[in-house]
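Coordinates from upload29.cif are shown below (mmCIF, C-alpha atoms).
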data_coords
loop_
_atom_site.label_atom_id
_atom_site.label_comp_id
_atom_site.auth_asym_id
_atom_site.auth_seq_id
_atom_site.Cartn_x
_atom_site.Cartn_y
_atom_site.Cartn_z
CA MET A 30 7.42 13.58 1.35
CA VAL A 31 7.71 11.25 4.32
CA LEU A 32 8.13 7.52 3.73
CA SER A 33 7.87 4.98 6.53
CA ALA A 34 10.02 1.89 6.77
CA GLY A 35 9.27 -0.78 4.18
CA THR A 36 8.15 1.54 1.41
CA VAL A 37 9.64 1.71 -2.05
CA ASP A 38 13.13 3.16 -2.49
CA PRO A 39 12.43 6.75 -3.55
CA TRP A 40 15.74 6.83 -5.44
CA SER A 41 15.10 3.76 -7.61
CA PRO A 42 15.36 4.73 -11.30
CA LYS A 43 11.70 3.95 -11.99
CA VAL A 44 10.49 6.14 -9.11
CA VAL A 45 12.81 9.02 -9.98
CA ARG A 46 11.69 8.89 -13.63
CA SER A 47 7.99 8.82 -12.72
CA ALA A 48 8.37 11.79 -10.36
CA ALA A 49 9.48 13.98 -13.28
CA GLY A 50 12.13 15.91 -11.32
CA SER A 51 10.19 16.44 -8.09
CA HIS A 52 12.96 14.69 -6.15
CA PHE A 53 15.07 17.78 -6.63
CA HIS A 54 12.44 20.22 -5.31
CA VAL A 55 10.63 18.33 -2.53
CA PRO A 56 12.29 17.20 0.72
CA ILE A 57 12.19 13.41 1.09
CA PHE A 58 12.48 11.67 4.46
CA THR A 59 12.72 7.87 4.66
CA GLY A 60 12.45 5.32 7.46
CA ILE A 61 10.21 7.55 9.60
CA ASP A 62 8.17 5.92 12.37
CA ALA A 63 4.48 6.58 11.68
CA ALA A 64 3.50 6.76 15.37
CA GLU A 65 6.20 9.35 16.09
CA LEU A 66 5.27 11.34 13.01
CA THR A 67 1.56 11.48 13.87
CA GLU A 68 2.31 12.44 17.47
CA THR A 69 4.59 15.27 16.36
CA ALA A 70 2.10 16.45 13.73
CA ARG A 71 -0.72 16.63 16.29
CA ALA A 72 1.53 18.56 18.69
CA LYS A 73 2.03 21.10 15.88
CA GLY A 74 -1.73 21.45 15.33
CA PHE A 75 -2.24 19.06 12.41
CA GLN A 76 -5.17 16.74 11.97
CA VAL A 77 -4.17 13.23 10.92
CA LEU A 78 -6.31 11.65 8.20
CA ALA A 79 -5.95 8.21 6.64
CA ALA A 80 -7.02 7.55 3.06
CA ASP A 81 -8.97 4.30 3.34
CA GLY A 82 -11.45 2.86 0.86
CA ARG A 83 -13.52 1.65 3.82
CA GLY A 84 -13.27 4.95 5.72
CA GLU A 85 -16.10 6.11 7.96
CA VAL A 86 -16.28 9.57 6.36
CA GLN A 87 -16.36 10.60 2.70
CA LEU A 88 -13.76 13.10 1.53
CA ALA A 89 -16.40 15.74 0.73
CA GLU A 90 -17.86 15.38 4.25
CA LEU A 91 -14.72 16.33 6.21
CA ALA A 92 -15.63 18.64 9.07
CA THR A 93 -12.38 20.64 8.88
CA PRO A 94 -10.92 20.23 5.38
CA ALA A 95 -8.93 23.48 5.63
CA ALA A 96 -7.07 22.50 8.80
CA PRO A 97 -3.36 21.68 8.47
CA THR A 98 -3.41 18.00 7.56
CA LEU A 99 -1.08 15.03 7.61
CA TRP A 100 -2.38 12.42 5.17
CA LEU A 101 -1.53 8.75 5.76
CA LEU A 102 -1.52 6.71 2.55
CA GLY A 103 -0.99 2.99 2.38
CA HIS A 104 0.74 0.46 0.22
CA GLU A 105 -0.56 0.18 -3.33
CA ALA A 106 -1.77 -3.42 -2.95
CA HIS A 107 -2.76 -3.68 0.72
CA GLY A 108 -3.42 -0.15 1.93
CA LEU A 109 -2.63 0.94 5.47
CA THR A 110 -2.12 -1.59 8.22
CA HIS A 111 -4.62 -1.75 11.08
CA VAL A 112 -2.07 -0.03 13.34
CA GLU A 113 -1.53 2.76 10.81
CA ARG A 114 -5.29 3.28 10.36
CA GLU A 115 -5.65 3.57 14.14
CA LEU A 116 -3.10 6.42 14.19
CA ALA A 117 -5.52 8.63 12.25
CA ASP A 118 -8.14 10.95 13.68
CA GLN A 119 -10.43 9.84 10.86
CA ARG A 120 -10.36 7.32 8.04
CA VAL A 121 -11.46 9.01 4.83
CA ALA A 122 -12.93 7.34 1.76
CA ILE A 123 -12.82 8.78 -1.74
CA PRO A 124 -16.15 8.02 -3.41
CA LEU A 125 -15.75 5.88 -6.53
CA PHE A 126 -18.22 5.69 -9.35
CA GLY A 127 -18.43 3.04 -12.02
CA ALA A 128 -16.74 -0.34 -11.81
CA ALA A 129 -13.39 0.71 -10.26
CA GLU A 130 -12.53 -1.10 -7.03
CA SER A 131 -9.95 1.40 -5.84
CA LEU A 132 -7.53 4.13 -6.87
CA ASN A 133 -3.79 3.69 -7.05
CA VAL A 134 -1.92 5.42 -4.25
CA ALA A 135 -0.62 8.27 -6.43
CA THR A 136 -4.14 9.11 -7.61
CA ALA A 137 -5.57 8.84 -4.08
CA ALA A 138 -2.79 11.09 -2.75
CA THR A 139 -3.48 13.65 -5.46
CA VAL A 140 -7.22 13.74 -4.76
CA CYS A 141 -6.78 13.95 -0.97
CA MET A 142 -4.08 16.61 -0.97
CA TYR A 143 -5.83 18.66 -3.66
CA SER A 144 -9.03 18.59 -1.62
CA THR A 145 -7.38 19.96 1.52
CA ALA A 146 -5.24 22.42 -0.46
CA MET A 147 -8.33 23.85 -2.16
CA ALA A 148 -10.12 24.20 1.20
CA GLN A 149 -7.06 25.97 2.65
CA HIS A 150 -6.88 28.26 -0.40
CA ALA A 151 -10.58 29.11 -0.14
CA LEU A 152 -10.14 29.93 3.54
CA SER A 153 -7.17 32.22 2.86
CA ALA A 154 -9.08 33.92 0.02
CA GLU A 155 -11.92 34.71 2.45
CA ALA A 156 -9.56 36.33 4.97
CA PRO A 157 -9.48 40.12 4.81
CA ALA A 158 -6.36 41.66 3.28
CA SER A 159 -3.96 43.23 5.78
CA ASP A 160 -4.10 46.68 4.18
CA ALA A 161 -7.20 48.82 3.47
CA GLY A 162 -9.53 45.91 4.26
CA GLU A 163 -9.76 44.77 0.63
CA SER A 164 -10.11 41.13 -0.29
CA ALA A 165 -7.12 39.26 -1.68
CA PRO A 166 -6.80 39.32 -5.47
CA THR A 167 -7.70 36.17 -7.37
CA ALA A 168 -6.32 34.80 -10.60
#
Would you mind giving the structure from this file in structure tokens?
Amino acid sequence: MVLSAGTVDPWSPKVVRSAAGSHFHVPIFTGIDAAELTETARAKGFQVLAADGRGEVQLAELATPAAPTLWLLGHEAHGLTHVERELADQRVAIPLFGAAESLNVATAATVCMYSTAMAQHALSAEAPASDAGESAPTA
């Protein structure tokens, strides 16, 4: 988990309680410069996607959903800044149905990361097994 400057304190009691113990299993980095992070991620072969309700592409329409991905997620009330949106290769919208105006950031993060994780899993399941040419077992 990477948090840029100005985000919530990840160690505040309310945040720790809501994370249900994840703080003790997931590395947390705070005060990270978003421009530096995106530059480093691209150098390592990551695509940089921004979750944005006004994004130019829908989540299901991503051209390379299985690629290693750095997701940029904005503030709960105001979303990403213009500068942060410009750091992304693409701005991605999650389609909403019904009367909801937007998703909270935790829900948006879950949907975005689950989408790319499932695409990565599907890609690895299609790869031939290293021995005897059999496909990987599935659960």
List the residues selected by the PyMOL selection byres ((chain A and resi 75-82) around 9) in the file shown, writing them as a PyMOL selection string. chain A and resi 67+69-74+83-85+88+93+96-103+108-109+113-124+130-132+137-138+141
If I put a ball of radius 10 Å at (3.4, -2.4, -1.9) in the file's coordinates, which residues poke into it when counting all atoms listed in the file, written as a PyMOL selection string? chain A and resi 35-37+103-108+134
Figure out the distance between CA of Ala129 in chain A and CA of Met30 in chain A, please, to one decimal in Å. 27.1 Å
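Our summary of the geometry notes that CA of Thr145 in chain A is positioned 28.3 Å from CA of Lys43 in chain A.
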Between CA of Leu125 in chain A and CA of Ser144 in chain A, what is the distance, to one decimal in Å? 15.2 Å
Tell me which of A:Val44, A:Met142, A:Ala135, A:Ala34 sits closest to Ala95 in chain A, counting all atoms listed in the file.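 Comparing A:Val44, A:Met142, A:Ala135, A:Ala34 against Ala95 in chain A, the winner is A:Met142.
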Counting only C-alpha atoms, which of A:Ala49, A:Ala89, A:Ala128, A:Val112 gets nearest to Ala148 in chain A?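 Looking at the shortest contact to Ala148 in chain A, the residue is A:Ala89.
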Which one of A:Ser153, A:Trp40, A:Gly127, A:Pro94 sits closest to Thr59 in chain A if you count all atoms listed in the file? A:Trp40
Using only C-alpha atoms, which residues sit within 12 Å of Pro56 in chain A once same-chain residues fewer than 2 positions away are excluded, as a list in words?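 Within the cut-off, the hits are Met30, Val31, Leu32, Pro39, Ser51, His52, Phe53, His54, Phe58 and Thr59 of chain A.
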From the block you just saw, export chain A: C-alpha atoms, as an mmCIF file, in the first residue's frame.
data_model
loop_
_atom_site.group_PDB
_atom_site.id
_atom_site.type_symbol
_atom_site.label_atom_id
_atom_site.label_comp_id
_atom_site.auth_asym_id
_atom_site.auth_seq_id
_atom_site.Cartn_x
_atom_site.Cartn_y
_atom_site.Cartn_z
ATOM 1 C CA MET A 30 0.000 0.000 0.000
ATOM 2 C CA VAL A 31 1.501 3.311 -1.073
ATOM 3 C CA LEU A 32 0.050 6.542 0.300
ATOM 4 C CA SER A 33 1.014 9.934 -1.066
ATOM 5 C CA ALA A 34 1.431 13.026 1.071
ATOM 6 C CA GLY A 35 -1.801 14.431 2.481
ATOM 7 C CA THR A 36 -3.664 11.149 2.773
ATOM 8 C CA VAL A 37 -5.178 9.757 5.940
ATOM 9 C CA ASP A 38 -2.870 8.491 8.686
ATOM 10 C CA PRO A 39 -2.820 4.729 8.084
ATOM 11 C CA TRP A 40 -2.138 4.148 11.785
ATOM 12 C CA SER A 41 -5.132 6.095 13.117
ATOM 13 C CA PRO A 42 -7.287 3.801 15.284
ATOM 14 C CA LYS A 43 -10.272 4.006 12.937
ATOM 15 C CA VAL A 44 -8.188 3.015 9.892
ATOM 16 C CA VAL A 45 -6.411 0.189 11.705
ATOM 17 C CA ARG A 46 -9.745 -1.178 12.965
ATOM 18 C CA SER A 47 -11.364 -1.012 9.524
ATOM 19 C CA ALA A 48 -8.419 -2.811 7.892
ATOM 20 C CA ALA A 49 -9.079 -5.869 10.067
ATOM 21 C CA GLY A 50 -5.410 -6.712 10.664
ATOM 22 C CA SER A 51 -4.093 -6.091 7.148
ATOM 23 C CA HIS A 52 -1.622 -3.543 8.544
ATOM 24 C CA PHE A 53 0.379 -6.428 9.913
ATOM 25 C CA HIS A 54 0.569 -8.337 6.612
ATOM 26 C CA VAL A 55 0.814 -5.654 3.910
ATOM 27 C CA PRO A 56 3.757 -3.244 3.543
ATOM 28 C CA ILE A 57 2.653 0.380 3.956
ATOM 29 C CA PHE A 58 4.641 3.299 2.544
ATOM 30 C CA THR A 59 3.624 6.886 3.322
ATOM 31 C CA GLY A 60 4.580 10.295 1.957
ATOM 32 C CA ILE A 61 5.518 8.917 -1.480
ATOM 33 C CA ASP A 62 5.706 11.350 -4.406
ATOM 34 C CA ALA A 63 3.193 10.227 -7.043
ATOM 35 C CA ALA A 64 5.307 11.413 -9.997
ATOM 36 C CA GLU A 65 8.357 9.491 -8.761
ATOM 37 C CA LEU A 66 6.269 6.416 -8.079
ATOM 38 C CA THR A 67 4.684 6.359 -11.538
ATOM 39 C CA GLU A 68 8.044 6.920 -13.224
ATOM 40 C CA THR A 69 9.608 4.044 -11.291
ATOM 41 C CA ALA A 70 6.627 1.777 -11.952
ATOM 42 C CA ARG A 71 6.808 2.406 -15.712
ATOM 43 C CA ALA A 72 10.557 1.703 -15.691
ATOM 44 C CA LYS A 73 9.724 -1.678 -14.121
ATOM 45 C CA GLY A 74 7.165 -2.467 -16.849
ATOM 46 C CA PHE A 75 3.947 -1.433 -15.108
ATOM 47 C CA GLN A 76 1.045 0.336 -16.742
ATOM 48 C CA VAL A 77 -0.310 3.227 -14.686
ATOM 49 C CA LEU A 78 -4.095 3.486 -14.500
ATOM 50 C CA ALA A 79 -6.181 6.073 -12.673
ATOM 51 C CA ALA A 80 -9.620 5.229 -11.315
ATOM 52 C CA ASP A 81 -11.721 8.192 -12.413
ATOM 53 C CA GLY A 82 -15.500 8.398 -12.671
ATOM 54 C CA ARG A 83 -15.055 10.515 -15.805
ATOM 55 C CA GLY A 84 -12.408 8.227 -17.328
ATOM 56 C CA GLU A 85 -12.122 7.830 -21.080
ATOM 57 C CA VAL A 86 -12.184 4.021 -20.939
ATOM 58 C CA GLN A 87 -14.495 1.655 -19.062
ATOM 59 C CA LEU A 88 -12.895 -0.926 -16.782
ATOM 60 C CA ALA A 89 -14.161 -3.845 -18.908
ATOM 61 C CA GLU A 90 -12.652 -2.247 -22.045
ATOM 62 C CA LEU A 91 -9.018 -2.155 -20.871
ATOM 63 C CA ALA A 92 -6.720 -3.243 -23.688
ATOM 64 C CA THR A 93 -4.194 -4.937 -21.373
ATOM 65 C CA PRO A 94 -5.953 -5.808 -18.110
ATOM 66 C CA ALA A 95 -3.452 -8.564 -17.281
ATOM 67 C CA ALA A 96 -0.385 -6.313 -17.466
ATOM 68 C CA PRO A 97 1.346 -5.437 -14.192
ATOM 69 C CA THR A 98 -0.604 -2.406 -13.010
ATOM 70 C CA LEU A 99 -0.175 0.504 -10.645
ATOM 71 C CA TRP A 100 -3.614 1.873 -9.773
ATOM 72 C CA LEU A 101 -3.942 5.531 -8.758
ATOM 73 C CA LEU A 102 -6.934 6.176 -6.503
ATOM 74 C CA GLY A 103 -8.025 9.570 -5.295
ATOM 75 C CA HIS A 104 -9.382 11.179 -2.200
ATOM 76 C CA GLU A 105 -12.815 9.986 -1.105
ATOM 77 C CA ALA A 106 -14.520 13.362 -1.619
ATOM 78 C CA HIS A 107 -12.586 14.946 -4.491
ATOM 79 C CA GLY A 108 -10.894 12.127 -6.372
ATOM 80 C CA LEU A 109 -7.511 12.533 -8.009
ATOM 81 C CA THR A 110 -6.102 15.964 -8.735
ATOM 82 C CA HIS A 111 -5.630 17.043 -12.347
ATOM 83 C CA VAL A 112 -1.876 16.503 -11.968
ATOM 84 C CA GLU A 113 -2.394 12.996 -10.584
ATOM 85 C CA ARG A 114 -4.821 12.092 -13.399
ATOM 86 C CA GLU A 115 -2.233 13.258 -15.935
ATOM 87 C CA LEU A 116 0.336 10.827 -14.475
ATOM 88 C CA ALA A 117 -1.757 7.884 -15.671
ATOM 89 C CA ASP A 118 -1.524 6.122 -19.013
ATOM 90 C CA GLN A 119 -5.321 5.896 -18.976
ATOM 91 C CA ARG A 120 -8.159 7.135 -16.810
ATOM 92 C CA VAL A 121 -10.547 4.273 -16.133
ATOM 93 C CA ALA A 122 -14.213 4.524 -15.193
ATOM 94 C CA ILE A 123 -16.151 1.852 -13.343
ATOM 95 C CA PRO A 124 -19.629 1.688 -14.859
ATOM 96 C CA LEU A 125 -22.358 2.472 -12.336
ATOM 97 C CA PHE A 126 -25.948 1.394 -12.614
ATOM 98 C CA GLY A 127 -28.902 2.790 -10.732
ATOM 99 C CA ALA A 128 -28.886 6.100 -8.884
ATOM 100 C CA ALA A 129 -25.386 5.953 -7.329
ATOM 101 C CA GLU A 130 -23.170 8.919 -8.199
ATOM 102 C CA SER A 131 -19.890 7.254 -7.306
ATOM 103 C CA LEU A 132 -18.213 4.508 -5.303
ATOM 104 C CA ASN A 133 -16.230 5.098 -2.151
ATOM 105 C CA VAL A 134 -12.496 4.710 -2.623
ATOM 106 C CA ALA A 135 -12.284 1.341 -0.858
ATOM 107 C CA THR A 136 -14.970 -0.124 -3.113
ATOM 108 C CA ALA A 137 -13.408 1.384 -6.244
ATOM 109 C CA ALA A 138 -9.990 0.015 -5.245
ATOM 110 C CA THR A 139 -11.470 -3.428 -4.687
ATOM 111 C CA VAL A 140 -13.208 -3.499 -8.066
ATOM 112 C CA CYS A 141 -10.153 -2.194 -9.962
ATOM 113 C CA MET A 142 -7.595 -4.462 -8.327
ATOM 114 C CA TYR A 143 -9.880 -7.502 -8.518
ATOM 115 C CA SER A 144 -10.388 -6.876 -12.229
ATOM 116 C CA THR A 145 -6.666 -6.806 -13.001
ATOM 117 C CA ALA A 146 -5.933 -9.694 -10.610
ATOM 118 C CA MET A 147 -8.535 -11.872 -12.339
ATOM 119 C CA ALA A 148 -7.097 -11.019 -15.774
ATOM 120 C CA GLN A 149 -3.592 -11.887 -14.528
ATOM 121 C CA HIS A 150 -4.874 -15.152 -13.032
ATOM 122 C CA ALA A 151 -6.642 -16.081 -16.268
ATOM 123 C CA LEU A 152 -3.460 -15.389 -18.221
ATOM 124 C CA SER A 153 -1.355 -17.556 -15.898
ATOM 125 C CA ALA A 154 -3.954 -20.348 -16.079
ATOM 126 C CA GLU A 155 -3.675 -20.330 -19.882
ATOM 127 C CA ALA A 156 0.130 -20.683 -19.780
ATOM 128 C CA PRO A 157 1.372 -24.227 -20.327
ATOM 129 C CA ALA A 158 2.701 -26.026 -17.255
ATOM 130 C CA SER A 159 6.484 -26.341 -17.098
ATOM 131 C CA ASP A 160 6.443 -30.150 -16.922
ATOM 132 C CA ALA A 161 4.790 -32.601 -19.361
ATOM 133 C CA GLY A 162 2.936 -29.772 -21.125
ATOM 134 C CA GLU A 163 -0.196 -30.146 -18.983
ATOM 135 C CA SER A 164 -2.319 -27.175 -18.048
ATOM 136 C CA ALA A 165 -2.143 -25.782 -14.524
ATOM 137 C CA PRO A 166 -4.640 -27.278 -12.071
ATOM 138 C CA THR A 167 -7.633 -25.174 -11.097
ATOM 139 C CA ALA A 168 -9.580 -25.067 -7.872
#
